[in-house]
There are 2 protein chains.
Amino acid sequence: MLKKTVVCLLAGLALTVNASAQDVLEKRVRTLFQPIPDEAPALSNNPATPEKIELGKMLYFEPRLSASQLISCNTCHNVGLGGVDLQETSVGHGWQAGPRNAPTVFNSVFNIAQFWDGRAQDLAEQAKGPVQASVEMNNTPERVVETLKSLPAYVELFEKSFPGDKNPVSFDNMARAIEVFEATLITPNAPFDRYLKGDSDALNATQIEGLRLFVDKGCASCHHGVNMGGTSYFPFGVVEAPSPEVRPVEDVGRFEVTNTAADKYVFKSPSLRNIAITPPYFHSGKVWSLNDAVKIMGSAQLGISLTDAEADKITTFMHTLTGDQPQILHPILPPNTDRTPRPLLTATAE
Amino acid sequence: MLKKTVVCLLAGLALTVNASAQDVLEKRVRTLFQPIPDEAPALSNNPATPEKIELGKMLYFEPRLSASQLISCNTCHNVGLGGVDLQETSVGHGWQAGPRNAPTVFNSVFNIAQFWDGRAQDLAEQAKGPVQASVEMNNTPERVVETLKSLPAYVELFEKSFPGDKNPVSFDNMARAIEVFEATLITPNAPFDRYLKGDSDALNATQIEGLRLFVDKGCASCHHGVNMGGTSYFPFGVVEAPSPEVRPVEDVGRFEVTNTAADKYVFKSPSLRNIAITPPYFHSGKVWSLNDAVKIMGSAQLGISLTDAEADKITTFMHTLTGDQPQILHPILPPNTDRTPRPLLTATAE
């Protein structure tokens, strides 16, 4: 009888300790992370209207923004594939491989800046990059504008989207429209979001163990906030340089933007939102297993050797970061006219 | 007074003659052409279910059907661009140009057979071609099945779509699912469809003039039925061989299918549905102006030299063949697993 009472007491104590440890974790977690909002955030310098979002969606799916007229934003940032292309590095004009892995467009509006090295301050600035990059869409602003002006439905939508603008059909406005559409591409309601909002049952015991490890081991130092990353810049290899396959020697990251020695191999911490559905990993795209990526992060960034069991649990937690994927009605694009430039497959867009 | 009466009588007579000529045309037109139905046709050998259509849609947008994992059916048959790619000939694996212009997928279910040379008897047989063609998706049936089997959401959908099938995830069933989705890609309600259904005001006077010319000049000999084409095979150059640029000497058309001398340069008459939004024209894709294409048809097929005014009117009529474009919710595709084959960009799929 006494034995039974002691066992019961001990069990009750364990439950209390667990519950209180749980409370501590939840409290800590809520200061580190915020849920993805249910509604797209407003952009202070680029107000959204239904027309501008629709125009942006059309442009996002518009292969005629590329010289070849074969490649659209959606080619490398596929809305059906977590906003990525599942390639090591993206493939563009002439089947050329680009230098870095395509980051997801989903929730990218929450990042401090765009591209792996943060060289674009916002999504509008970002959108102008791939259109002109010779290994991506290989086009020129002039040819893009000529193309858009040849399509009356676009001219009308640009006029409606940028009222009062004397020159509504411009390369800059193309980028602004794409930005407001991209800002709608958010993925709320992941299990972890529900957990953050107070639903303790949204994660199971293993997932909570993984979350605890994620916080305790220090992952959250770089991966915090709404996007669990995308908040700042960090050296890839804080403690130990990753293998040259994973971190190619020639790609010095943010150093190319700032020309500052301290920025060698520095990159923006990527968002971990939807990370389980967006392989391969790192700017090189050389790591296909999320488990392997977690272990590399442990050794390179934290100087720790995660056990298989630990990496498994962290990975299991990361699967709770997959949110509701955007539902996108495929746009109907305007038909060519006799004035529409023809595809350039071999030549450059000059 | 008498003068006025005569004028009135004559005007009345002219109206009667016009009305009666109109009636004759309408009657003739209704025997030659049928409207696109509002509902997708049922396939007798491949019954549609909501699950099979959804699976087919996912596969249609699935770049992982290609070796590179970059090219989907939608790449060359873009549902936002009239079901085509606006290229002379499609561009596939390794940026290779294919041999022929991509026909529209829209309303293709109404064609007697598929491909320019009719070498596939239906859309299921067609779907297996590009997946394996080295200049298109460059994949193998084995690798496609391996890929699909690595993605649990697909396995489940194949099981639901092909109940009772002992081996539901197969290359053939992939093609069957794509077929039932493609059969839904029809474009009813074009102005000409409304005209065919009895709304005489659906076409204006110039469009009716164009229709009359289309019938009187003999265009309807090859372009009739629901699809205004796609009903049979005809030599390209019945009367006069087109220039070798428009009809390249090396592409002998249906001869390659039948090995019959009479089938040299014979092709399936393409559908004229949505023709105004699907340039460039002919199997070579060398003609970008619909007006030019109409004139070439006049001389090559009918031995007549259409005047500019006549070609203009016929073209104006052809713009009434653009129907309601399908509204497609972009599918969310299943995430990779560790068993999913990786993209092959350079190697063949062997």
# chains A, B, ... in the order shown; residues from 1 in each chain; ligands from 1
>>> select_by_dssp(residues="range 27-90 of chain B", states="alpha helix (DSSP H)", output="PDB file with N, CA, C and O atoms, in the first residue's frame")
ATOM      1  N   LYS B  27     -27.549  27.549 -92.418  1.00  0.00           N
ATOM      2  CA  LYS B  27     -27.917  26.145 -92.596  1.00  0.00           C
ATOM      3  C   LYS B  27     -26.698  25.312 -92.995  1.00  0.00           C
ATOM      4  O   LYS B  27     -26.424  24.249 -92.442  1.00  0.00           O
ATOM      5  N   ARG B  28     -25.961  25.857 -93.959  1.00  0.00           N
ATOM      6  CA  ARG B  28     -24.781  25.168 -94.466  1.00  0.00           C
ATOM      7  C   ARG B  28     -23.737  25.019 -93.361  1.00  0.00           C
ATOM      8  O   ARG B  28     -23.116  23.963 -93.190  1.00  0.00           O
ATOM      9  N   VAL B  29     -23.576  26.094 -92.642  1.00  0.00           N
ATOM     10  CA  VAL B  29     -22.573  26.139 -91.579  1.00  0.00           C
ATOM     11  C   VAL B  29     -22.896  25.099 -90.505  1.00  0.00           C
ATOM     12  O   VAL B  29     -22.014  24.415 -89.993  1.00  0.00           O
ATOM     13  N   ARG B  30     -24.197  24.950 -90.222  1.00  0.00           N
ATOM     14  CA  ARG B  30     -24.585  24.010 -89.156  1.00  0.00           C
ATOM     15  C   ARG B  30     -24.407  22.556 -89.562  1.00  0.00           C
ATOM     16  O   ARG B  30     -24.326  21.685 -88.705  1.00  0.00           O
ATOM     17  N   THR B  31     -24.348  22.285 -90.856  1.00  0.00           N
ATOM     18  CA  THR B  31     -24.046  20.904 -91.264  1.00  0.00           C
ATOM     19  C   THR B  31     -22.531  20.661 -91.243  1.00  0.00           C
ATOM     20  O   THR B  31     -22.080  19.529 -91.074  1.00  0.00           O
ATOM     21  N   LEU B  32     -21.772  21.743 -91.424  1.00  0.00           N
ATOM     22  CA  LEU B  32     -20.309  21.593 -91.490  1.00  0.00           C
ATOM     23  C   LEU B  32     -19.645  21.553 -90.108  1.00  0.00           C
ATOM     24  O   LEU B  32     -18.643  20.860 -89.914  1.00  0.00           O
ATOM     25  N   PRO B  50     -13.405  11.934 -60.221  1.00  0.00           N
ATOM     26  CA  PRO B  50     -12.740  13.126 -59.685  1.00  0.00           C
ATOM     27  C   PRO B  50     -11.286  12.837 -59.285  1.00  0.00           C
ATOM     28  O   PRO B  50     -10.395  13.656 -59.540  1.00  0.00           O
ATOM     29  N   GLU B  51     -11.036  11.655 -58.698  1.00  0.00           N
ATOM     30  CA  GLU B  51      -9.663  11.324 -58.277  1.00  0.00           C
ATOM     31  C   GLU B  51      -8.743  11.199 -59.487  1.00  0.00           C
ATOM     32  O   GLU B  51      -7.600  11.655 -59.470  1.00  0.00           O
ATOM     33  N   LYS B  52      -9.247  10.569 -60.542  1.00  0.00           N
ATOM     34  CA  LYS B  52      -8.396  10.353 -61.718  1.00  0.00           C
ATOM     35  C   LYS B  52      -8.100  11.677 -62.428  1.00  0.00           C
ATOM     36  O   LYS B  52      -6.981  11.899 -62.896  1.00  0.00           O
ATOM     37  N   ILE B  53      -9.099  12.550 -62.455  1.00  0.00           N
ATOM     38  CA  ILE B  53      -8.868  13.868 -63.070  1.00  0.00           C
ATOM     39  C   ILE B  53      -7.841  14.649 -62.246  1.00  0.00           C
ATOM     40  O   ILE B  53      -6.931  15.271 -62.793  1.00  0.00           O
ATOM     41  N   GLU B  54      -7.983  14.602 -60.919  1.00  0.00           N
ATOM     42  CA  GLU B  54      -7.036  15.325 -60.058  1.00  0.00           C
ATOM     43  C   GLU B  54      -5.626  14.750 -60.235  1.00  0.00           C
ATOM     44  O   GLU B  54      -4.653  15.497 -60.367  1.00  0.00           O
ATOM     45  N   LEU B  55      -5.523  13.424 -60.237  1.00  0.00           N
ATOM     46  CA  LEU B  55      -4.221  12.785 -60.452  1.00  0.00           C
ATOM     47  C   LEU B  55      -3.647  13.213 -61.809  1.00  0.00           C
ATOM     48  O   LEU B  55      -2.470  13.578 -61.907  1.00  0.00           O
ATOM     49  N   GLY B  56      -4.497  13.189 -62.830  1.00  0.00           N
ATOM     50  CA  GLY B  56      -4.044  13.586 -64.169  1.00  0.00           C
ATOM     51  C   GLY B  56      -3.550  15.022 -64.199  1.00  0.00           C
ATOM     52  O   GLY B  56      -2.548  15.340 -64.838  1.00  0.00           O
ATOM     53  N   LYS B  57      -4.238  15.885 -63.470  1.00  0.00           N
ATOM     54  CA  LYS B  57      -3.813  17.286 -63.422  1.00  0.00           C
ATOM     55  C   LYS B  57      -2.457  17.400 -62.741  1.00  0.00           C
ATOM     56  O   LYS B  57      -1.571  18.128 -63.207  1.00  0.00           O
ATOM     57  N   MET B  58      -2.288  16.681 -61.648  1.00  0.00           N
ATOM     58  CA  MET B  58      -0.998  16.729 -60.951  1.00  0.00           C
ATOM     59  C   MET B  58       0.118  16.240 -61.885  1.00  0.00           C
ATOM     60  O   MET B  58       1.187  16.851 -61.974  1.00  0.00           O
ATOM     61  N   LEU B  59      -0.142  15.149 -62.584  1.00  0.00           N
ATOM     62  CA  LEU B  59       0.882  14.597 -63.479  1.00  0.00           C
ATOM     63  C   LEU B  59       1.159  15.542 -64.640  1.00  0.00           C
ATOM     64  O   LEU B  59       2.292  15.652 -65.115  1.00  0.00           O
ATOM     65  N   TYR B  60       0.111  16.240 -65.078  1.00  0.00           N
ATOM     66  CA  TYR B  60       0.264  17.192 -66.198  1.00  0.00           C
ATOM     67  C   TYR B  60       1.226  18.320 -65.810  1.00  0.00           C
ATOM     68  O   TYR B  60       1.969  18.820 -66.637  1.00  0.00           O
ATOM     69  N   CYS B  73       4.288  18.451 -68.842  1.00  0.00           N
ATOM     70  CA  CYS B  73       3.392  18.599 -69.995  1.00  0.00           C
ATOM     71  C   CYS B  73       3.077  20.079 -70.206  1.00  0.00           C
ATOM     72  O   CYS B  73       3.013  20.585 -71.328  1.00  0.00           O
ATOM     73  N   ASN B  74       2.844  20.778 -69.061  1.00  0.00           N
ATOM     74  CA  ASN B  74       2.442  22.179 -69.126  1.00  0.00           C
ATOM     75  C   ASN B  74       3.537  23.090 -69.674  1.00  0.00           C
ATOM     76  O   ASN B  74       3.261  24.216 -70.066  1.00  0.00           O
ATOM     77  N   THR B  75       4.782  22.628 -69.703  1.00  0.00           N
ATOM     78  CA  THR B  75       5.860  23.462 -70.238  1.00  0.00           C
ATOM     79  C   THR B  75       5.592  23.794 -71.706  1.00  0.00           C
ATOM     80  O   THR B  75       5.727  24.942 -72.131  1.00  0.00           O
ATOM     81  N   CYS B  76       5.227  22.788 -72.480  1.00  0.00           N
ATOM     82  CA  CYS B  76       4.997  22.992 -73.917  1.00  0.00           C
ATOM     83  C   CYS B  76       3.521  23.177 -74.242  1.00  0.00           C
ATOM     84  O   CYS B  76       3.176  23.667 -75.308  1.00  0.00           O
TER      85      CYS B  76
END
>>> closest_atom_pairs(of="chain A", to="chain B", cutoff="6 Å", atoms="only C-alpha atoms", output="JSON lines")
{"residue": "A:Gly80", "atom": "CA", "partner": "B:Ile332", "partner_atom": "CA", "distance": 4.2}
{"residue": "A:Leu81", "atom": "CA", "partner": "B:Leu333", "partner_atom": "CA", "distance": 5.8}
{"residue": "A:Gly94", "atom": "CA", "partner": "B:Trp95", "partner_atom": "CA", "distance": 5.7}
{"residue": "A:Trp95", "atom": "CA", "partner": "B:Trp95", "partner_atom": "CA", "distance": 5.6}
{"residue": "A:Ile277", "atom": "CA", "partner": "B:Pro335", "partner_atom": "CA", "distance": 5.1}
{"residue": "A:Ile328", "atom": "CA", "partner": "B:His330", "partner_atom": "CA", "distance": 5.5}
{"residue": "A:Leu329", "atom": "CA", "partner": "B:Leu329", "partner_atom": "CA", "distance": 4.2}
{"residue": "A:His330", "atom": "CA", "partner": "B:Ile328", "partner_atom": "CA", "distance": 5.5}
{"residue": "A:Pro331", "atom": "CA", "partner": "B:Gly80", "partner_atom": "CA", "distance": 5.7}
{"residue": "A:Ile332", "atom": "CA", "partner": "B:Gly80", "partner_atom": "CA", "distance": 4.2}
{"residue": "A:Leu333", "atom": "CA", "partner": "B:Gly80", "partner_atom": "CA", "distance": 5.3}
{"residue": "A:Pro335", "atom": "CA", "partner": "B:Ile277", "partner_atom": "CA", "distance": 5.1}
>>> atom_distance(atom1="CA of Val226 in chain A", atom2="CA of Gln34 in chain A")
4.5 Å
>>> closest_residue(among="A:Leu65, A:Ala183, A:Met318, A:Val215", to="Leu25 in chain A", atoms="only C-alpha atoms")
A:Val215
>>> select_by_dssp(residues="range 83-198 of chain A", states="strand (DSSP E or B)", output="number ranges by chain")
A: 84, 91-92, 96-97, 114, 120
>>> residues_around(residues="Phe255 in chain B", least_positions_apart="3", cutoff="10 Å", atoms="only C-alpha atoms", output="ChimeraX atom specification")
/B:117,251-252,258-267
>>> residues_around(residues="Phe282 in chain A", least_positions_apart="3", cutoff="8 Å", atoms="only C-alpha atoms", output="list in words")
Asn101, Val246, Gly285, Lys286, Val287 and Ala293 of chain A
>>> closest_residue(among="B:Phe192, B:Phe236, B:Phe171, B:Phe110", to="Arg143 in chain B", atoms="only C-alpha atoms")
B:Phe171
>>> residues_around(residues="Phe162 in chain B", least_positions_apart="3", cutoff="12 Å", atoms="only C-alpha atoms", output="ChimeraX atom specification")
/B:46-53,55,154-159,165-170,172-174,176-177
>>> write_last_selection(atoms="C-alpha atoms", output="tab-separated table (two decimals), in the first residue's frame")
chain	number	residue	atom	x	y	z
B	46	ASN	CA	-11.13	5.37	-69.77
B	47	PRO	CA	-13.90	6.50	-67.43
B	48	ALA	CA	-13.23	9.71	-65.51
B	49	THR	CA	-13.54	10.04	-61.76
B	50	PRO	CA	-12.74	13.13	-59.68
B	51	GLU	CA	-9.66	11.32	-58.28
B	52	LYS	CA	-8.40	10.35	-61.72
B	53	ILE	CA	-8.87	13.87	-63.07
B	55	LEU	CA	-4.22	12.78	-60.45
B	154	TYR	CA	0.78	9.57	-55.79
B	155	VAL	CA	0.65	5.91	-54.79
B	156	GLU	CA	-2.55	6.58	-52.88
B	157	LEU	CA	-4.11	8.53	-55.75
B	158	PHE	CA	-3.21	5.85	-58.29
B	159	GLU	CA	-4.84	3.24	-56.05
B	165	ASP	CA	-5.77	-2.82	-60.61
B	166	LYS	CA	-3.08	-5.05	-59.10
B	167	ASN	CA	-0.35	-2.71	-60.28
B	168	PRO	CA	-1.95	0.74	-60.13
B	169	VAL	CA	1.25	2.81	-60.33
B	170	SER	CA	2.24	2.10	-63.92
B	172	ASP	CA	0.15	3.17	-68.75
B	173	ASN	CA	-1.98	4.40	-65.86
B	174	MET	CA	0.05	7.60	-65.74
B	176	ARG	CA	-4.62	7.24	-68.68
B	177	ALA	CA	-4.82	9.74	-65.82
>>> closest_residue(among="A:Ile112, A:Ala102, A:Leu148, A:Ala190", to="His283 in chain A", atoms="only C-alpha atoms")
A:Ala102
>>> atom_distance(atom1="CA of Ala309 in chain A", atom2="CA of Ala153 in chain B")
26.7 Å
>>> residues_around(residues="Val238 in chain B", least_positions_apart="4", cutoff="8 Å", atoms="only C-alpha atoms", output="compact mmCIF listing (two decimals) with N, CA and C atoms, in the first residue's frame")
# COMPACT_ATOMS: atom_id res chain seq x y z
N PHE B 234 -4.42 15.07 -94.71
CA PHE B 234 -4.38 15.72 -96.02
C PHE B 234 -2.94 16.08 -96.36
N ALA B 300 -1.47 26.85 -101.30
CA ALA B 300 -0.97 25.47 -101.21
C ALA B 300 -2.09 24.44 -101.31
N GLN B 301 -3.20 24.71 -100.64
CA GLN B 301 -4.25 23.67 -100.55
C GLN B 301 -5.35 23.85 -101.58
N LEU B 302 -5.63 25.14 -101.93
CA LEU B 302 -6.81 25.41 -102.77
C LEU B 302 -6.43 25.97 -104.13
>>> atom_distance(atom1="CA of Met137 in chain A", atom2="CA of Gly98 in chain A")
10.8 Å
>>> closest_residue(among="B:Gln114, B:Pro152, B:Glu209, B:Arg119", to="Gln22 in chain B", atoms="only C-alpha atoms")
B:Glu209
>>> closest_residue(among="B:Pro235, B:Asp324, B:Ala175, B:Arg212", to="Val24 in chain B", atoms="only C-alpha atoms")
B:Arg212
>>> residues_around(residues="Phe214 in chain A", least_positions_apart="2", cutoff="10 Å", atoms="only C-alpha atoms", output="PDB file with N, CA, C and O atoms, in the first residue's frame")
ATOM      1  N   ILE A 208       8.025  17.701 -30.039  1.00  0.00           N
ATOM      2  CA  ILE A 208       8.380  18.648 -28.969  1.00  0.00           C
ATOM      3  C   ILE A 208       9.820  18.397 -28.515  1.00  0.00           C
ATOM      4  O   ILE A 208      10.574  19.346 -28.265  1.00  0.00           O
ATOM      5  N   GLU A 209      10.215  17.136 -28.440  1.00  0.00           N
ATOM      6  CA  GLU A 209      11.609  16.803 -28.126  1.00  0.00           C
ATOM      7  C   GLU A 209      12.540  17.454 -29.148  1.00  0.00           C
ATOM      8  O   GLU A 209      13.582  18.012 -28.810  1.00  0.00           O
ATOM      9  N   GLY A 210      12.154  17.353 -30.416  1.00  0.00           N
ATOM     10  CA  GLY A 210      12.948  17.959 -31.484  1.00  0.00           C
ATOM     11  C   GLY A 210      13.025  19.467 -31.349  1.00  0.00           C
ATOM     12  O   GLY A 210      14.084  20.081 -31.513  1.00  0.00           O
ATOM     13  N   LEU A 211      11.889  20.067 -31.001  1.00  0.00           N
ATOM     14  CA  LEU A 211      11.849  21.518 -30.789  1.00  0.00           C
ATOM     15  C   LEU A 211      12.771  21.900 -29.638  1.00  0.00           C
ATOM     16  O   LEU A 211      13.538  22.874 -29.726  1.00  0.00           O
ATOM     17  N   ARG A 212      12.725  21.108 -28.558  1.00  0.00           N
ATOM     18  CA  ARG A 212      13.572  21.397 -27.393  1.00  0.00           C
ATOM     19  C   ARG A 212      15.048  21.327 -27.786  1.00  0.00           C
ATOM     20  O   ARG A 212      15.838  22.224 -27.453  1.00  0.00           O
ATOM     21  N   ASP A 216      17.692  24.190 -27.501  1.00  0.00           N
ATOM     22  CA  ASP A 216      18.802  23.956 -26.561  1.00  0.00           C
ATOM     23  C   ASP A 216      20.153  23.917 -27.260  1.00  0.00           C
ATOM     24  O   ASP A 216      21.152  24.399 -26.731  1.00  0.00           O
ATOM     25  N   LYS A 217      20.207  23.325 -28.439  1.00  0.00           N
ATOM     26  CA  LYS A 217      21.490  23.175 -29.136  1.00  0.00           C
ATOM     27  C   LYS A 217      21.956  24.485 -29.763  1.00  0.00           C
ATOM     28  O   LYS A 217      23.106  24.604 -30.172  1.00  0.00           O
ATOM     29  N   GLY A 218      21.034  25.438 -29.910  1.00  0.00           N
ATOM     30  CA  GLY A 218      21.455  26.747 -30.431  1.00  0.00           C
ATOM     31  C   GLY A 218      21.016  27.030 -31.859  1.00  0.00           C
ATOM     32  O   GLY A 218      21.377  28.074 -32.430  1.00  0.00           O
ATOM     33  N   CYS A 219      20.223  26.151 -32.459  1.00  0.00           N
ATOM     34  CA  CYS A 219      19.790  26.373 -33.848  1.00  0.00           C
ATOM     35  C   CYS A 219      19.046  27.695 -33.985  1.00  0.00           C
ATOM     36  O   CYS A 219      19.124  28.377 -35.011  1.00  0.00           O
ATOM     37  N   ALA A 220      18.296  28.017 -32.899  1.00  0.00           N
ATOM     38  CA  ALA A 220      17.452  29.210 -32.967  1.00  0.00           C
ATOM     39  C   ALA A 220      18.254  30.508 -32.957  1.00  0.00           C
ATOM     40  O   ALA A 220      17.698  31.583 -33.189  1.00  0.00           O
ATOM     41  N   SER A 221      19.566  30.414 -32.698  1.00  0.00           N
ATOM     42  CA  SER A 221      20.378  31.645 -32.735  1.00  0.00           C
ATOM     43  C   SER A 221      20.272  32.300 -34.105  1.00  0.00           C
ATOM     44  O   SER A 221      20.224  33.521 -34.228  1.00  0.00           O
ATOM     45  N   HIS A 223      18.087  30.840 -36.614  1.00  0.00           N
ATOM     46  CA  HIS A 223      16.776  30.520 -37.198  1.00  0.00           C
ATOM     47  C   HIS A 223      15.674  30.837 -36.207  1.00  0.00           C
ATOM     48  O   HIS A 223      15.181  29.958 -35.502  1.00  0.00           O
ATOM     49  N   VAL A 294      20.985  18.878 -41.132  1.00  0.00           N
ATOM     50  CA  VAL A 294      20.943  19.216 -39.705  1.00  0.00           C
ATOM     51  C   VAL A 294      22.288  18.908 -39.055  1.00  0.00           C
ATOM     52  O   VAL A 294      22.844  19.718 -38.298  1.00  0.00           O
ATOM     53  N   GLU A 310      19.348  12.521 -32.115  1.00  0.00           N
ATOM     54  CA  GLU A 310      19.083  13.963 -31.992  1.00  0.00           C
ATOM     55  C   GLU A 310      18.701  14.573 -33.342  1.00  0.00           C
ATOM     56  O   GLU A 310      17.734  15.330 -33.455  1.00  0.00           O
ATOM     57  N   ALA A 311      19.494  14.236 -34.358  1.00  0.00           N
ATOM     58  CA  ALA A 311      19.207  14.777 -35.694  1.00  0.00           C
ATOM     59  C   ALA A 311      17.825  14.333 -36.164  1.00  0.00           C
ATOM     60  O   ALA A 311      17.069  15.122 -36.744  1.00  0.00           O
ATOM     61  N   LYS A 313      15.234  13.663 -34.314  1.00  0.00           N
ATOM     62  CA  LYS A 313      14.187  14.403 -33.604  1.00  0.00           C
ATOM     63  C   LYS A 313      14.062  15.833 -34.145  1.00  0.00           C
ATOM     64  O   LYS A 313      12.955  16.340 -34.318  1.00  0.00           O
ATOM     65  N   ILE A 314      15.196  16.456 -34.391  1.00  0.00           N
ATOM     66  CA  ILE A 314      15.148  17.828 -34.930  1.00  0.00           C
ATOM     67  C   ILE A 314      14.466  17.817 -36.301  1.00  0.00           C
ATOM     68  O   ILE A 314      13.636  18.676 -36.610  1.00  0.00           O
ATOM     69  N   THR A 315      14.801  16.817 -37.107  1.00  0.00           N
ATOM     70  CA  THR A 315      14.180  16.705 -38.425  1.00  0.00           C
ATOM     71  C   THR A 315      12.671  16.486 -38.302  1.00  0.00           C
ATOM     72  O   THR A 315      11.882  17.083 -39.038  1.00  0.00           O
ATOM     73  N   PHE A 317      10.815  17.483 -35.909  1.00  0.00           N
ATOM     74  CA  PHE A 317      10.242  18.795 -35.584  1.00  0.00           C
ATOM     75  C   PHE A 317      10.113  19.657 -36.837  1.00  0.00           C
ATOM     76  O   PHE A 317       9.105  20.332 -37.062  1.00  0.00           O
ATOM     77  N   MET A 318      11.137  19.627 -37.687  1.00  0.00           N
ATOM     78  CA  MET A 318      11.124  20.485 -38.880  1.00  0.00           C
ATOM     79  C   MET A 318       9.971  20.157 -39.828  1.00  0.00           C
ATOM     80  O   MET A 318       9.514  21.027 -40.570  1.00  0.00           O
TER      81      MET A 318
END
>>> closest_residue(among="A:Leu306, A:Val135, A:Leu151, A:Leu196", to="Pro99 in chain A", atoms="only C-alpha atoms")
A:Val135
